[in-house]
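Engineer: What follows is the file work-v8.cif, containing mmCIF, C-alpha atoms:
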data_data
loop_
_atom_site.label_atom_id
_atom_site.label_comp_id
_atom_site.auth_asym_id
_atom_site.auth_seq_id
_atom_site.Cartn_x
_atom_site.Cartn_y
_atom_site.Cartn_z
CA MET A 1 159.34 136.46 259.09
CA PRO A 2 159.78 132.67 259.36
CA TYR A 3 163.21 131.02 259.54
CA TYR A 4 163.50 127.26 259.49
CA THR A 5 164.86 125.88 262.76
CA PRO A 6 165.94 122.25 263.23
CA ARG A 7 164.56 120.49 266.31
CA GLY A 8 166.67 117.35 266.34
CA GLY A 9 165.10 114.05 267.29
CA LEU A 10 165.32 111.01 265.02
CA PRO A 11 163.21 110.00 262.02
CA PRO A 12 160.74 107.22 262.90
CA GLN A 13 161.71 103.63 262.15
CA THR A 14 158.95 103.54 259.53
CA ASP A 15 160.64 106.21 257.37
CA LEU A 16 162.44 105.26 254.18
CA THR A 17 166.22 105.65 254.27
CA THR A 18 166.30 107.11 250.76
CA ASP A 19 166.80 110.89 250.81
CA ARG A 20 168.45 113.72 248.89
CA ALA A 21 171.70 113.69 250.89
CA THR A 22 174.55 114.04 248.39
CA PHE A 23 178.31 114.53 248.66
CA THR A 24 180.30 115.10 245.47
CA GLN A 25 183.56 116.76 244.48
CA ALA A 26 181.64 119.82 243.29
CA TYR A 27 178.82 120.17 245.81
CA ALA A 28 177.07 118.68 248.81
CA VAL A 29 173.45 118.65 249.94
CA LEU A 30 172.55 118.08 253.59
CA PRO A 31 168.74 117.77 253.78
CA ALA A 32 166.94 119.08 256.84
CA ARG A 33 166.33 115.49 258.00
CA THR A 34 170.07 114.99 258.56
CA MET A 35 169.96 117.46 261.48
CA SER A 36 169.13 114.72 263.97
CA ASP A 37 170.21 114.14 267.56
CA ILE A 38 172.98 111.74 266.54
CA THR A 39 174.65 114.27 264.23
CA THR A 40 175.14 116.97 266.88
CA SER A 41 178.47 118.08 268.32
CA TYR A 42 179.64 119.93 271.44
CA LEU A 43 182.27 122.62 271.98
CA PRO A 44 184.65 123.52 274.82
CA HIS A 45 183.56 126.41 277.07
CA TRP A 46 179.91 126.24 275.93
CA ARG A 47 177.21 125.40 278.49
CA GLU A 48 173.87 123.72 277.70
CA THR A 49 174.64 123.95 273.98
CA ARG A 50 174.76 121.56 271.07
CA LEU A 51 175.36 122.20 267.39
CA TRP A 52 175.32 120.79 263.91
CA ILE A 53 178.58 121.44 262.05
CA ILE A 54 177.31 121.70 258.49
CA ALA A 55 180.55 122.85 256.84
CA ARG A 56 184.21 122.65 257.83
CA PRO A 57 187.58 122.96 256.07
CA LEU A 58 188.28 119.53 254.64
CA THR A 59 190.02 118.12 251.58
CA GLY A 60 187.35 117.90 248.90
CA PHE A 61 184.89 120.00 250.91
CA ALA A 62 184.75 123.54 252.32
CA GLU A 63 188.09 125.33 252.00
CA THR A 64 187.56 128.84 253.35
CA PHE A 65 185.01 128.62 256.18
CA SER A 66 183.05 126.62 258.73
CA GLN A 67 179.35 126.91 259.52
CA TYR A 68 177.37 125.70 262.53
CA ILE A 69 173.73 125.62 263.53
CA VAL A 70 173.90 126.20 267.28
CA GLU A 71 171.11 125.34 269.73
CA VAL A 72 171.40 127.01 273.15
CA SER A 73 169.15 125.83 275.98
CA PRO A 74 167.87 128.23 278.67
CA GLY A 75 170.77 129.30 280.86
CA GLY A 76 173.30 128.16 278.27
CA GLY A 77 175.95 130.04 276.34
CA SER A 78 179.63 130.83 276.60
CA ASP A 79 182.01 133.32 278.17
CA ARG A 80 184.78 132.00 275.86
CA PRO A 81 182.98 131.25 272.61
CA GLU A 82 185.89 131.55 270.16
CA THR A 83 189.27 129.90 270.69
CA ASP A 84 190.88 131.19 267.46
CA ARG A 85 191.90 134.86 267.63
CA SER A 86 192.24 135.03 263.83
CA ALA A 87 188.61 134.01 263.25
CA GLU A 88 185.98 136.48 262.14
CA ALA A 89 182.35 135.48 262.43
CA VAL A 90 178.73 136.14 261.58
CA LEU A 91 175.94 135.17 263.96
CA PHE A 92 172.39 134.95 262.58
CA VAL A 93 169.54 134.06 264.93
CA VAL A 94 166.70 131.94 263.54
CA ASP A 95 164.74 131.23 266.73
CA GLY A 96 164.46 132.45 270.30
CA ALA A 97 166.40 135.24 271.99
CA LEU A 98 170.07 135.62 272.92
CA THR A 99 172.13 138.25 274.69
CA LEU A 100 175.36 139.17 272.92
CA THR A 101 177.93 141.04 274.98
CA LEU A 102 180.32 142.66 272.50
CA GLU A 103 183.25 144.71 273.77
CA GLY A 104 181.36 145.16 277.04
CA GLN A 105 178.09 146.33 275.45
CA GLN A 106 174.98 144.14 275.55
CA HIS A 107 172.82 143.51 272.48
CA ALA A 108 169.50 141.64 272.40
CA LEU A 109 169.35 139.31 269.41
CA GLU A 110 166.00 137.83 268.42
CA ALA A 111 164.99 135.90 265.29
CA GLY A 112 166.52 137.76 262.34
CA GLY A 113 169.25 139.31 264.49
CA TYR A 114 172.65 139.55 262.76
CA ALA A 115 176.09 140.29 264.19
CA PHE A 116 179.45 140.57 262.46
CA LEU A 117 182.38 139.94 264.81
CA THR A 118 185.80 141.11 263.70
CA PRO A 119 188.78 138.86 264.48
CA GLY A 120 189.95 139.12 268.07
CA SER A 121 186.63 140.54 269.29
CA ASP A 122 185.79 140.31 272.97
CA TRP A 123 182.35 138.71 272.95
CA GLU A 124 180.11 136.46 274.98
CA LEU A 125 176.74 134.91 274.23
CA ARG A 126 174.07 133.57 276.55
CA ASN A 127 170.44 132.54 276.60
CA ASP A 128 168.68 134.36 279.44
CA SER A 129 165.22 133.30 278.31
CA ASP A 130 163.14 130.27 279.26
CA ALA A 131 163.08 128.88 275.70
CA THR A 132 165.68 127.33 273.42
CA ALA A 133 167.45 129.70 271.03
CA THR A 134 169.08 128.74 267.71
CA PHE A 135 171.54 130.62 265.55
CA HIS A 136 173.90 130.15 262.62
CA TRP A 137 177.59 130.74 263.26
CA VAL A 138 179.78 131.27 260.20
CA ARG A 139 183.54 131.40 260.87
CA LYS A 140 186.42 132.31 258.59
CA SER A 141 190.13 132.90 259.17
CA TYR A 142 190.53 136.58 258.31
CA GLU A 143 192.97 137.40 255.51
CA GLU A 144 194.98 140.49 256.48
CA VAL A 145 196.11 142.92 253.76
CA GLU A 146 198.82 145.48 254.37
CA GLY A 147 197.35 148.98 254.34
CA ILE A 148 193.75 147.84 254.87
CA ASP A 149 192.27 147.92 258.37
CA ARG A 150 190.20 145.13 259.80
CA PRO A 151 186.44 145.78 259.57
CA GLU A 152 184.61 146.84 262.70
CA SER A 153 182.11 144.62 264.49
CA PHE A 154 178.45 145.57 264.20
CA VAL A 155 174.96 144.35 265.12
CA THR A 156 171.87 144.69 262.92
CA SER A 157 168.96 142.53 261.73
CA ASP A 158 167.27 141.13 258.65
CA ALA A 159 164.34 143.52 259.19
CA ALA A 160 166.62 146.58 259.44
CA VAL A 161 168.28 146.13 256.03
CA GLU A 162 166.37 146.83 252.83
CA PRO A 163 166.90 144.12 250.19
CA THR A 164 168.57 145.24 246.97
CA PRO A 165 166.74 144.04 243.83
CA MET A 166 168.96 142.38 241.25
CA PRO A 167 169.03 144.34 237.96
CA ASP A 168 166.61 143.35 235.21
CA THR A 169 164.62 140.93 237.39
CA GLY A 170 161.53 143.01 238.13
CA GLY A 171 162.15 142.63 241.86
CA VAL A 172 161.59 138.86 242.00
CA TRP A 173 165.26 138.34 242.99
CA ALA A 174 166.78 140.49 245.73
CA THR A 175 169.74 140.33 248.11
CA THR A 176 169.90 141.62 251.68
CA ARG A 177 173.48 142.87 251.91
CA PHE A 178 174.73 143.48 255.44
CA VAL A 179 178.00 145.08 254.31
CA ASP A 180 178.93 147.26 251.33
CA PRO A 181 180.28 144.98 248.56
CA ALA A 182 182.90 147.65 247.77
CA ASP A 183 184.27 147.67 251.35
CA LEU A 184 187.57 145.86 250.84
CA ARG A 185 188.08 145.41 254.56
CA HIS A 186 185.66 142.50 254.33
CA ASP A 187 186.91 139.20 252.91
CA MET A 188 183.59 137.38 253.31
CA HIS A 189 179.94 138.23 252.82
CA VAL A 190 177.05 136.54 254.59
CA ASN A 191 173.86 137.77 252.93
CA ILE A 192 170.24 136.68 252.56
CA VAL A 193 168.99 135.98 249.05
CA THR A 194 165.24 136.11 248.35
CA PHE A 195 163.34 134.83 245.32
CA GLN A 196 159.64 135.42 244.97
CA PRO A 197 157.68 132.36 243.76
CA GLY A 198 158.57 131.81 240.13
CA GLY A 199 161.80 133.83 240.36
CA ALA A 200 164.90 132.28 238.86
CA ILE A 201 168.63 132.47 238.23
CA THR A 202 168.37 132.13 234.47
CA PHE A 203 171.97 131.24 233.69
CA PRO A 204 174.48 128.86 235.31
CA GLU A 205 176.53 131.10 237.59
CA THR A 206 180.12 129.85 237.46
CA HIS A 207 182.61 131.83 239.53
CA VAL A 208 185.56 131.82 241.91
CA MET A 209 183.53 132.24 245.11
CA GLU A 210 182.91 129.25 247.36
CA HIS A 211 179.35 129.10 248.71
CA GLY A 212 177.42 127.83 251.69
CA LEU A 213 173.62 128.12 251.32
CA TYR A 214 171.16 127.37 254.12
CA VAL A 215 167.51 127.48 253.07
CA LEU A 216 165.62 129.63 255.57
CA GLN A 217 162.20 129.49 253.89
CA GLY A 218 160.41 128.04 250.89
CA LYS A 219 161.46 125.57 248.21
CA ALA A 220 163.16 125.50 244.83
CA VAL A 221 164.81 123.37 242.20
CA TYR A 222 168.54 124.14 242.32
CA LEU A 223 171.16 123.44 239.66
CA LEU A 224 174.33 122.08 241.27
CA ASN A 225 177.04 121.34 238.71
CA THR A 226 175.09 119.18 236.21
CA ASP A 227 172.30 118.05 238.56
CA TRP A 228 168.91 119.62 239.27
CA VAL A 229 168.09 119.02 242.95
CA GLU A 230 164.89 119.81 244.85
CA VAL A 231 165.61 121.76 248.04
CA GLN A 232 163.42 123.14 250.79
CA ALA A 233 163.55 124.99 254.10
CA GLY A 234 166.15 123.46 256.42
CA ASP A 235 168.37 122.07 253.64
CA TYR A 236 172.02 123.07 253.35
CA MET A 237 174.13 123.24 250.18
CA TRP A 238 177.87 123.61 249.79
CA LEU A 239 179.27 124.64 246.39
CA ARG A 240 182.96 124.64 245.63
CA ALA A 241 184.49 127.43 243.54
CA TYR A 242 183.36 127.30 239.90
CA CYS A 243 180.50 124.89 240.57
CA PRO A 244 177.74 125.97 238.13
CA GLN A 245 174.54 127.01 239.90
CA ALA A 246 171.07 128.27 239.03
CA CYS A 247 167.57 127.88 240.49
CA TYR A 248 163.83 128.10 239.97
CA ALA A 249 161.86 129.14 243.08
CA GLY A 250 158.66 127.23 243.76
CA GLY A 251 155.62 128.50 245.63
CA PRO A 252 153.60 129.36 247.50
CA GLU A 253 156.01 131.41 249.67
CA PRO A 254 159.32 133.17 248.98
CA PHE A 255 162.47 131.09 248.67
CA ARG A 256 165.13 132.56 251.00
CA TYR A 257 168.60 131.37 251.92
CA LEU A 258 171.53 132.50 254.04
CA LEU A 259 174.52 132.75 251.70
CA TYR A 260 178.23 132.66 252.52
CA LYS A 261 180.90 133.59 249.99
CA ASP A 262 184.58 134.55 250.14
CA VAL A 263 185.37 137.86 248.43
CA ASN A 264 187.86 140.69 247.86
CA ARG A 265 191.16 138.80 248.09
CA HIS A 266 193.78 137.40 245.70
CA PRO A 267 193.50 133.64 245.21
CA GLY A 268 196.39 131.93 247.01
CA LEU A 269 199.27 130.70 244.86
CA ARG A 270 200.67 128.26 247.40
CA PRO A 271 198.98 125.35 249.20
CA PRO A 272 196.31 125.27 250.55
CA PHE A 273 195.38 127.52 247.56
CA ARG A 274 192.73 129.55 249.37
#
Before we go any further, please render this structure as structure tokens.
Structural biologist:
Amino acid sequence: MPYYTPRGGLPPQTDLTTDRATFTQAYAVLPARTMSDITTSYLPHWRETRLWIIARPLTGFAETFSQYIVEVSPGGGSDRPETDRSAEAVLFVVDGALTLTLEGQQHALEAGGYAFLTPGSDWELRNDSDATATFHWVRKSYEEVEGIDRPESFVTSDAAVEPTPMPDTGGVWATTRFVDPADLRHDMHVNIVTFQPGGAITFPETHVMEHGLYVLQGKAVYLLNTDWVEVQAGDYMWLRAYCPQACYAGGPEPFRYLLYKDVNRHPGLRPPFR
């Protein structure tokens, strides 16, 4: 199954500057072309690794999470990947192969591989192959609740989880859910949403959950607040809470995106109102 993977570089000097990049109070769109060499970052304790930080907590932007696209060269990785012991994470591999060592046990992650890492996990990640590997890293500060245990870490894959069709859609809209929505230990979900060509969200969803959407495959026209925006594989969208959203999936292939949302917790009543 294909997953879009950025390769960096720079657009040629002959390209037009005009693009779909948009930053508003309600949403942002980072087109695939923005993932260039000059927009990469680096992290402490990571070897032979660069990344695109596509969402981060920021006034007027993401409030509950950060998201990276991480490119690990052969021999690269980290023995100290996470510096915040309160951070939970999801890793989703889109290209290449990585070795995840989680609580002393090794797991091979290839394209489509998915790992949930509970806060305070002992984990390492490295690229033992001779080709570059790329993965998404979604991080959130876990919200503890008295009487509810932290969720356990686990490793699975896109291929291992059967998508759940949305009711009354004839199967053209389905969600690959990696955790049970009723499991209140989890305060975030990172799922994969799939629309078959012609599938649609036929009403403007307007809800409390903040979203990060990375388009893995295909194309669509997406409603963001009051604007209809064309999006395609490699584009990233951020939607603040209550930003209306809908979409029409174009062809000829399925439209799929990796979706973050915060769930299962009281809204904060004191700043920073998370």
Engineer: Applied to the shown file, which residues does the PyMOL selection byres ((chain A and resi 219) around 9) return, written as a count of residues only?
Structural biologist: 19
Engineer: Taking the file above as input, evaluate the PyMOL selection byres ((chain A and resi 139) around 7) and report the hits as a PyMOL selection string.
Structural biologist: chain A and resi 65-67+87-90+137-138+140-141
Engineer: Just to confirm, what's the straight-line distance from CA of His186 in chain A to CA of Pro151 in chain A in Å (one decimal)?
Structural biologist: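 These atoms are spaced 6.2 Å apart.
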Engineer: Convert the output of the PyMOL selection byres ((chain A and resi 25-32) around 8) on the shown file into explicit residues, formatted as a compact mmCIF listing (two decimals) with C-alpha atoms, in the coordinates of the input.
Structural biologist:
# COMPACT_ATOMS: atom_id res chain seq x y z
CA PRO A 6 165.94 122.25 263.23
CA ASP A 19 166.80 110.89 250.81
CA ARG A 20 168.45 113.72 248.89
CA ALA A 21 171.70 113.69 250.89
CA THR A 22 174.55 114.04 248.39
CA PHE A 23 178.31 114.53 248.66
CA THR A 24 180.30 115.10 245.47
CA ARG A 33 166.33 115.49 258.00
CA THR A 34 170.07 114.99 258.56
CA MET A 35 169.96 117.46 261.48
CA ILE A 54 177.31 121.70 258.49
CA GLY A 60 187.35 117.90 248.90
CA PHE A 61 184.89 120.00 250.91
CA LEU A 224 174.33 122.08 241.27
CA ASN A 225 177.04 121.34 238.71
CA VAL A 231 165.61 121.76 248.04
CA ALA A 233 163.55 124.99 254.10
CA GLY A 234 166.15 123.46 256.42
CA ASP A 235 168.37 122.07 253.64
CA TYR A 236 172.02 123.07 253.35
CA MET A 237 174.13 123.24 250.18
CA TRP A 238 177.87 123.61 249.79
CA LEU A 239 179.27 124.64 246.39
CA ARG A 240 182.96 124.64 245.63
CA CYS A 243 180.50 124.89 240.57
Engineer: Give me, please, the distance in Å between CA of Arg126 in chain A and CA of Trp52 in chain A, quoted to one decimal.
Structural biologist: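 CA of Trp52 in chain A lies at a distance of 18.0 Å from CA of Arg126 in chain A.
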Engineer: Pick out the closest residue to Tyr68 in chain A from this set: A:Gln245, A:His136, A:Gly104, A:Ser157. Count only C-alpha atoms.
Structural biologist: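 For Tyr68 in chain A, the nearest of the candidates is A:His136.
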Engineer: Measuring between only C-alpha atoms, which one of A:Ala241, A:Val145, A:Leu125, A:Leu117 shows the shortest distance to His45 in chain A?
Structural biologist: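 Smallest separation from His45 in chain A among the options: A:Leu125.
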Engineer: Any idea what's packed within 9 Å of Glu71 in chain A, counting only C-alpha atoms, ignoring anything in its chain fewer than 6 positions away? Could you give it as a list in words?
Structural biologist: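 The residues satisfying every condition are Pro6, Arg7, Glu48, Thr49, Arg50, Leu51, Trp52, Thr132, Ala133, Thr134 and Phe135 of chain A.
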Engineer: Those residues you just picked out, can you put them in a file as a compact mmCIF listing (two decimals), keeping the file's coordinate frame with C-alpha atoms?
Structural biologist:
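Okay, out14.txt is ready:
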# COMPACT_ATOMS: atom_id res chain seq x y z
CA PRO A 6 165.94 122.25 263.23
CA ARG A 7 164.56 120.49 266.31
CA GLU A 48 173.87 123.72 277.70
CA THR A 49 174.64 123.95 273.98
CA ARG A 50 174.76 121.56 271.07
CA LEU A 51 175.36 122.20 267.39
CA TRP A 52 175.32 120.79 263.91
CA THR A 132 165.68 127.33 273.42
CA ALA A 133 167.45 129.70 271.03
CA THR A 134 169.08 128.74 267.71
CA PHE A 135 171.54 130.62 265.55
Engineer: From the list A:Pro244, A:Asp227, A:Arg150, A:Val161, which residue is nearest Thr202 in chain A when using only C-alpha atoms?
Structural biologist: A:Pro244
Engineer: Let me have the centre and edge lengths of the axis-aligned box enclosing all listed atoms of range 107-118 of chain A with 4 Å padding on every side, in Å to one decimal, as JSON.
Structural biologist:
{"center_x": 175.4, "center_y": 139.7, "center_z": 267.4, "size_x": 28.8, "size_y": 15.6, "size_z": 18.1}
Engineer: What does the distance from CA of Tyr4 in chain A to CA of Val94 in chain A come to in Å, to one decimal?
Structural biologist: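 It comes out at 7.0 Å.
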Engineer: Choose the residue, out of A:Thr64, A:Val190, A:Thr176, A:Thr14, that has the smallest atom-to-atom separation from Arg265 in chain A; count all atoms listed in the file.
Structural biologist: A:Thr64
Engineer: For Phe92 in chain A, which residue out of A:Phe195, A:Tyr42, A:Trp173, A:Tyr3 is the nearest one, using all atoms listed in the file?
Structural biologist: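 Under the stated criterion, the closest residue is A:Tyr3.
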Engineer: Taking only C-alpha atoms into account, name the residue in A:Gly120, A:Pro2, A:Gly212, A:Pro181 that is nearest to Arg80 in chain A.
Structural biologist: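 Among the listed residues, A:Gly120 lies closest to Arg80 in chain A.
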Engineer: Skipping near chain neighbours, those fewer than 2 positions away, what residues fall within 8 Å of Asp37 in chain A using only C-alpha atoms, listed as a compact mmCIF listing (two decimals) with C-alpha atoms, keeping the file's coordinate frame?
Structural biologist:
# COMPACT_ATOMS: atom_id res chain seq x y z
CA GLY A 8 166.67 117.35 266.34
CA GLY A 9 165.10 114.05 267.29
CA LEU A 10 165.32 111.01 265.02
CA MET A 35 169.96 117.46 261.48
CA THR A 39 174.65 114.27 264.23
CA THR A 40 175.14 116.97 266.88
Engineer: Compile the contact shell of Asp183 in chain A as a list in words: residues with an atom at most 12 Å away, counting only C-alpha atoms, same-chain residues fewer than 2 positions apart removed.
Structural biologist: Ile148, Asp149, Arg150, Pro151, Glu152, Arg177, Phe178, Val179, Asp180, Pro181, Arg185, His186, Asp187, Met188, His189, Val263, Asn264 and Arg265 of chain A
Engineer: Write out as a list in words each polymer residue whose atoms come within 8 Å of Ser121 in chain A, counting all atoms listed in the file; drop sequence neighbours fewer than 4 positions from it.
Structural biologist: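 These residues fall inside the cut-off: Arg85, Leu102, Glu103, Leu117 and Ser153 of chain A.
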Engineer: How would the residues just chosen look if you wrote them out with C-alpha atoms as a PDB file, in the coordinates of the input?
Structural biologist:
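Saved to out-v8.pdb:
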ATOM      1  CA  ARG A  85     191.900 134.860 267.630  1.00  0.00           C
ATOM      2  CA  LEU A 102     180.320 142.660 272.500  1.00  0.00           C
ATOM      3  CA  GLU A 103     183.250 144.710 273.770  1.00  0.00           C
ATOM      4  CA  LEU A 117     182.380 139.940 264.810  1.00  0.00           C
ATOM      5  CA  SER A 153     182.110 144.620 264.490  1.00  0.00           C
TER       6      SER A 153
END
Engineer: Ala111 in chain A: which residues within 7 Å, counting all atoms listed in the file, same-chain residues fewer than 6 positions away excluded, as a list in words?
Structural biologist: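 So the residues in contact are Val93, Val94, Asp95, Gly96 and Ala97 of chain A.
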Engineer: Generate the missing atoms of range 100-110 of chain A up to all heavy atoms and report them as a CSV table (one decimal), keeping the file's coordinate frame.
Structural biologist:
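So selection-v6.csv came out as:
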chain,number,residue,atom,x,y,z
A,100,LEU,N,174.0,139.1,273.4
A,100,LEU,CA,175.4,139.2,272.9
A,100,LEU,C,176.0,140.3,273.7
A,100,LEU,O,175.5,141.4,273.7
A,100,LEU,CB,175.4,139.4,271.4
A,100,LEU,CG,176.8,139.8,270.8
A,100,LEU,CD1,177.7,138.7,270.9
A,100,LEU,CD2,176.6,140.3,269.4
A,101,THR,N,177.1,140.0,274.4
A,101,THR,CA,177.9,141.0,275.0
A,101,THR,C,179.2,141.2,274.1
A,101,THR,O,180.0,140.3,274.0
A,101,THR,CB,178.3,140.7,276.4
A,101,THR,OG1,177.1,140.4,277.2
A,101,THR,CG2,179.1,141.8,277.1
A,102,LEU,N,179.3,142.4,273.5
A,102,LEU,CA,180.3,142.7,272.5
A,102,LEU,C,181.1,143.9,273.0
A,102,LEU,O,180.6,145.0,273.1
A,102,LEU,CB,179.7,142.9,271.1
A,102,LEU,CG,180.6,143.3,270.0
A,102,LEU,CD1,181.7,142.2,269.7
A,102,LEU,CD2,179.8,143.6,268.7
A,103,GLU,N,182.4,143.6,273.3
A,103,GLU,CA,183.2,144.7,273.8
A,103,GLU,C,182.6,145.4,275.0
A,103,GLU,O,182.6,146.6,275.1
A,103,GLU,CB,183.6,145.7,272.7
A,103,GLU,CG,184.2,145.1,271.4
A,103,GLU,CD,185.5,144.4,271.6
A,103,GLU,OE1,186.1,144.5,272.7
A,103,GLU,OE2,185.9,143.6,270.7
A,104,GLY,N,181.9,144.6,275.8
A,104,GLY,CA,181.4,145.2,277.0
A,104,GLY,C,180.0,145.7,276.9
A,104,GLY,O,179.3,146.0,277.9
A,105,GLN,N,179.4,145.8,275.7
A,105,GLN,CA,178.1,146.3,275.4
A,105,GLN,C,177.1,145.2,275.1
A,105,GLN,O,177.4,144.3,274.3
A,105,GLN,CB,178.1,147.3,274.3
A,105,GLN,CG,176.7,148.0,274.1
A,105,GLN,CD,176.8,149.1,273.0
A,105,GLN,OE1,177.9,149.4,272.5
A,105,GLN,NE2,175.7,149.6,272.7
A,106,GLN,N,176.0,145.2,275.8
A,106,GLN,CA,175.0,144.1,275.6
A,106,GLN,C,174.1,144.5,274.4
A,106,GLN,O,173.6,145.6,274.2
A,106,GLN,CB,174.1,143.9,276.8
A,106,GLN,CG,174.9,143.3,277.9
A,106,GLN,CD,174.0,142.8,279.1
A,106,GLN,OE1,172.8,143.1,279.1
A,106,GLN,NE2,174.6,142.2,280.1
A,107,HIS,N,173.7,143.4,273.6
A,107,HIS,CA,172.8,143.5,272.5
A,107,HIS,C,171.8,142.4,272.6
A,107,HIS,O,172.2,141.2,272.8
A,107,HIS,CB,173.6,143.4,271.2
A,107,HIS,CG,174.6,144.5,271.0
A,107,HIS,ND1,174.4,145.7,270.4
A,107,HIS,CD2,175.9,144.4,271.3
A,107,HIS,CE1,175.5,146.4,270.3
A,107,HIS,NE2,176.5,145.6,270.9
A,108,ALA,N,170.5,142.7,272.4
A,108,ALA,CA,169.5,141.6,272.4
A,108,ALA,C,169.3,141.2,271.0
A,108,ALA,O,169.0,142.0,270.1
A,108,ALA,CB,168.2,142.2,273.0
A,109,LEU,N,169.5,139.9,270.7
A,109,LEU,CA,169.4,139.3,269.4
A,109,LEU,C,168.1,138.4,269.4
A,109,LEU,O,168.1,137.4,270.1
A,109,LEU,CB,170.6,138.5,269.0
A,109,LEU,CG,171.9,139.3,268.8
A,109,LEU,CD1,173.0,138.3,268.5
A,109,LEU,CD2,171.8,140.4,267.8
A,110,GLU,N,167.2,138.7,268.6
A,110,GLU,CA,166.0,137.8,268.4
A,110,GLU,C,166.0,137.3,267.0
A,110,GLU,O,167.0,137.5,266.3
A,110,GLU,CB,164.7,138.6,268.7
A,110,GLU,CG,164.6,139.1,270.1
A,110,GLU,CD,163.4,139.9,270.4
A,110,GLU,OE1,162.7,140.3,269.5
A,110,GLU,OE2,163.0,140.0,271.6
